>>> print(open('entry-v6.csv').read())   # CSV, C-alpha atoms
chain,number,residue,atom,x,y,z
A,230,GLN,CA,0.0,0.0,0.0
A,231,GLY,CA,2.8,2.4,1.0
A,232,LEU,CA,4.8,1.7,-2.1
A,233,PHE,CA,1.7,2.1,-4.3
A,234,GLU,CA,0.9,5.5,-2.7
A,235,ALA,CA,4.5,6.6,-3.2
A,236,VAL,CA,4.3,5.7,-6.9
A,237,LEU,CA,0.9,7.6,-7.2
A,238,ALA,CA,2.4,10.6,-5.4
A,239,SER,CA,5.3,10.7,-7.8
A,240,TYR,CA,3.0,10.4,-10.8
A,241,TYR,CA,0.8,13.3,-9.7
A,242,ALA,CA,3.8,15.5,-8.9
A,243,ALA,CA,5.3,14.9,-12.4
A,244,HIS,CA,1.8,15.5,-13.8
A,245,GLN,CA,1.5,18.9,-12.1
A,246,GLN,CA,5.1,19.8,-13.0
A,247,ALA,CA,4.4,19.1,-16.7
A,248,LEU,CA,1.2,21.3,-16.6
A,249,ALA,CA,2.9,24.1,-14.7
A,250,GLY,CA,5.6,24.2,-17.3
A,251,ALA,CA,3.0,24.7,-20.0
A,252,LEU,CA,1.5,27.7,-18.1
A,253,SER,CA,4.8,29.4,-17.1
A,254,ALA,CA,5.3,31.5,-20.2
A,255,GLU,CA,3.6,34.9,-20.6
A,256,ASP,CA,1.2,34.6,-23.5
A,257,ASP,CA,-2.5,35.3,-24.2
A,258,ALA,CA,-5.0,33.1,-22.5
A,259,ARG,CA,-5.8,31.1,-25.7
A,260,THR,CA,-2.2,30.2,-26.3
A,261,ARG,CA,-1.7,29.3,-22.6
A,262,MET,CA,-4.8,27.0,-22.7
A,263,HIS,CA,-3.6,25.4,-25.9
A,264,ARG,CA,-0.2,24.7,-24.3
A,265,LEU,CA,-2.0,23.3,-21.3
A,266,VAL,CA,-3.9,20.9,-23.5
A,267,ASP,CA,-0.8,19.9,-25.3
A,268,ALA,CA,1.1,19.3,-22.1
A,269,TYR,CA,-1.8,17.3,-20.7
A,270,LEU,CA,-2.2,15.2,-23.9
A,271,ASP,CA,1.5,14.5,-24.1
A,272,PHE,CA,1.8,13.7,-20.4
A,273,MET,CA,-1.2,11.3,-20.5
A,274,ALA,CA,-0.2,9.7,-23.8
A,275,GLY,CA,3.2,8.9,-22.2
A,276,HIS,CA,1.6,7.7,-19.0
A,277,ALA,CA,-1.6,6.1,-20.2
A,278,ARG,CA,-1.5,3.1,-17.9
A,279,TYR,CA,-1.7,5.5,-14.9
A,280,ALA,CA,-5.1,6.7,-16.1
A,281,SER,CA,-6.4,3.2,-16.2
A,282,LEU,CA,-4.7,2.5,-12.8
A,283,VAL,CA,-6.4,5.5,-11.2
A,284,GLN,CA,-9.7,4.5,-12.7
A,285,ALA,CA,-9.4,1.1,-11.1
A,286,GLN,CA,-8.6,2.7,-7.7
A,287,LEU,CA,-11.7,4.9,-8.1
A,288,SER,CA,-13.9,1.8,-8.4
A,289,ASN,CA,-12.9,0.9,-4.9
A,290,PRO,CA,-14.2,3.3,-2.2
A,291,ASP,CA,-11.5,2.1,0.2
A,292,THR,CA,-8.8,3.7,-2.0
A,293,HIS,CA,-10.6,7.1,-2.6
A,294,PRO,CA,-8.8,8.9,0.2
A,295,MET,CA,-5.4,7.8,-1.2
A,296,VAL,CA,-6.3,9.0,-4.7
A,297,GLU,CA,-7.8,12.2,-3.3
A,298,ARG,CA,-4.6,13.0,-1.3
A,299,ASN,CA,-2.6,12.8,-4.5
A,300,TYR,CA,-5.1,14.2,-7.0
A,301,GLY,CA,-6.3,17.1,-4.8
A,302,PRO,CA,-3.3,19.4,-5.3
A,303,LEU,CA,-3.4,18.9,-9.1
A,304,TYR,CA,-7.1,19.6,-9.2
A,305,THR,CA,-6.6,22.8,-7.2
A,306,PHE,CA,-3.7,23.9,-9.3
A,307,ILE,CA,-5.5,23.4,-12.6
A,308,GLU,CA,-8.8,24.9,-11.4
A,309,SER,CA,-7.0,28.1,-10.4
A,310,ALA,CA,-5.3,28.3,-13.8
A,311,LEU,CA,-8.6,27.9,-15.5
A,312,LEU,CA,-10.0,30.8,-13.4
A,313,GLU,CA,-8.0,33.0,-15.8
A,314,VAL,CA,-10.5,32.2,-18.5
A,315,ALA,CA,-13.6,30.9,-16.8
A,316,PRO,CA,-15.9,32.0,-13.9
A,317,ARG,CA,-15.8,30.4,-10.5
A,318,GLU,CA,-19.4,29.2,-10.7
A,319,GLY,CA,-22.1,28.3,-13.1
A,320,HIS,CA,-22.3,26.2,-16.3
A,321,ALA,CA,-19.1,27.6,-17.6
A,322,ALA,CA,-17.2,27.4,-14.3
A,323,ALA,CA,-13.5,26.6,-14.2
A,324,ARG,CA,-14.3,23.4,-12.4
A,325,GLN,CA,-16.7,22.3,-15.2
A,326,LEU,CA,-14.1,23.2,-17.8
A,327,PHE,CA,-11.5,21.2,-15.9
A,328,VAL,CA,-13.7,18.1,-15.9
A,329,THR,CA,-14.6,18.5,-19.6
A,330,ILE,CA,-11.0,18.9,-20.8
A,331,SER,CA,-9.6,16.2,-18.5
A,332,GLY,CA,-12.4,13.8,-19.6
A,333,ALA,CA,-11.6,14.5,-23.2
A,334,VAL,CA,-8.0,13.6,-22.6
A,335,ILE,CA,-8.3,10.8,-20.1
A,336,ASN,CA,-11.0,8.9,-22.0
A,337,TRP,CA,-8.7,9.1,-25.1
A,338,CYS,CA,-6.0,7.4,-23.1
A,339,THR,CA,-8.0,4.8,-21.2
A,340,TYR,CA,-9.8,3.7,-24.4
A,341,ALA,CA,-6.6,3.7,-26.4
A,342,PRO,CA,-6.0,-0.1,-26.5
A,343,LEU,CA,-9.5,-0.7,-27.8
A,344,LEU,CA,-9.9,2.3,-30.1
A,345,SER,CA,-6.4,1.8,-31.5
A,346,ARG,CA,-7.6,-1.6,-32.8
A,347,LEU,CA,-10.9,-0.2,-34.1
A,348,MET,CA,-9.3,2.9,-35.8
A,349,GLY,CA,-6.4,0.9,-37.1
A,350,ALA,CA,-3.6,3.1,-35.6
A,351,ASP,CA,-2.1,4.0,-32.3
A,352,LEU,CA,-4.1,6.7,-30.5
A,353,LEU,CA,-1.2,7.7,-28.3
A,354,LYS,CA,1.2,8.8,-31.1
A,355,GLY,CA,1.3,9.9,-34.6
A,356,PRO,CA,-1.6,11.2,-36.7
A,357,LEU,CA,-4.4,10.1,-34.4
A,358,LEU,CA,-2.8,11.9,-31.4
A,359,GLU,CA,-2.4,15.0,-33.5
A,360,GLU,CA,-6.0,14.8,-34.6
A,361,ARG,CA,-7.1,14.5,-31.0
A,362,ARG,CA,-4.9,17.5,-30.1
A,363,ALA,CA,-6.5,19.6,-32.8
A,364,HIS,CA,-10.0,18.4,-31.6
A,365,VAL,CA,-9.4,19.4,-28.0
A,366,HIS,CA,-7.9,22.8,-29.1
A,367,TRP,CA,-11.1,23.3,-31.1
A,368,LEU,CA,-13.2,22.5,-28.0
A,369,VAL,CA,-11.1,25.0,-26.0
A,370,ASP,CA,-11.5,27.6,-28.7
A,371,LEU,CA,-15.3,27.1,-28.7
A,372,VAL,CA,-15.4,27.6,-25.0
A,373,LEU,CA,-13.1,30.6,-25.0
A,374,ASP,CA,-15.0,32.2,-27.8
A,375,ASP,CA,-18.3,31.7,-25.9
A,376,LEU,CA,-16.9,33.1,-22.7
A,377,GLY,CA,-15.8,36.2,-24.6
A,378,ARG,CA,-19.2,36.9,-26.0
A,379,PRO,CA,-21.5,39.4,-24.2
A,380,ARG,CA,-24.4,37.7,-22.7
A,381,ILE,CA,-28.0,38.7,-23.7
A,382,ARG,CA,-30.2,38.8,-20.7
A,383,LYS,CA,-33.4,36.9,-21.1
A,384,LYS,CA,-36.6,38.9,-20.4
A,385,LYS,CA,-38.6,37.6,-17.5
A,386,LYS,CA,-42.1,36.5,-18.4
A,387,GLY,CA,-44.6,39.3,-18.1
A,388,LYS,CA,-42.0,42.1,-18.4
A,389,LYS,CA,-41.2,44.1,-21.4
>>> encode(input="entry-v6.csv", output="structure tokens")
Amino acid sequence: QGLFEAVLASYYAAHQQALAGALSAEDDARTRMHRLVDAYLDFMAGHARYASLVQAQLSNPDTHPMVERNYGPLYTFIESALLEVAPREGHAAARQLFVTISGAVINWCTYAPLLSRLMGADLLKGPLLEERRAHVHWLVDLVLDDLGRPRIRKKKKGKK
């Protein structure tokens, strides 16, 4: 148990370091978010087995505290980075954006063995990884474009 937790702690520390490096340069928010996606995809593609391992741990309520201890700092770090572009609460909240982007990346990696066979190429490198990168950039762009639009207030019923 102790050895497993040490491995998990090392994995999450490396994960956070890779993402922090992507956010360290001074650029516009869109460029920083694209670099964050790139770092996340590259890190997860290089450590895809960890995603499956963590998913297995999450299926056992007894190991939730161990995963939370190690995942919590990464979550807090990324959520605070996403607050640069997203609000704290609501449907477009940074926490929602975090779950959406991480799901788009993690699912790609956990399904890679199956989808690589179905798609006829390795999802974790080459053209399919680059296609995924472009897809997640597109999703980020959609979100950022929407967040930058002025909101039209809906009229309440009965008021002009």
>>> closest_residue(input="entry-v6.csv", among="A:Glu297, A:Glu313, A:Glu359, A:Glu318", to="Tyr241 in chain A", atoms="all atoms listed in the file")
A:Glu297
>>> atom_distance(input="entry-v6.csv", atom1="CA of Val334 in chain A", atom2="CA of Leu303 in chain A")
15.2 Å
>>> closest_residue(input="entry-v6.csv", among="A:Leu232, A:Thr339, A:Gly319, A:Arg298", to="Ala285 in chain A", atoms="only C-alpha atoms")
A:Thr339
>>> residues_around(input="entry-v6.csv", residues="Val296 in chain A", least_positions_apart="4", cutoff="10 Å", atoms="all atoms listed in the file", output="ChimeraX atom specification")
/A:234,237-238,241,283-284,286-287,291-292,300-301
>>> closest_residue(input="entry-v6.csv", among="A:Leu265, A:Met348, A:Ala277, A:Leu368", to="Ile335 in chain A", atoms="all atoms listed in the file")
A:Ala277
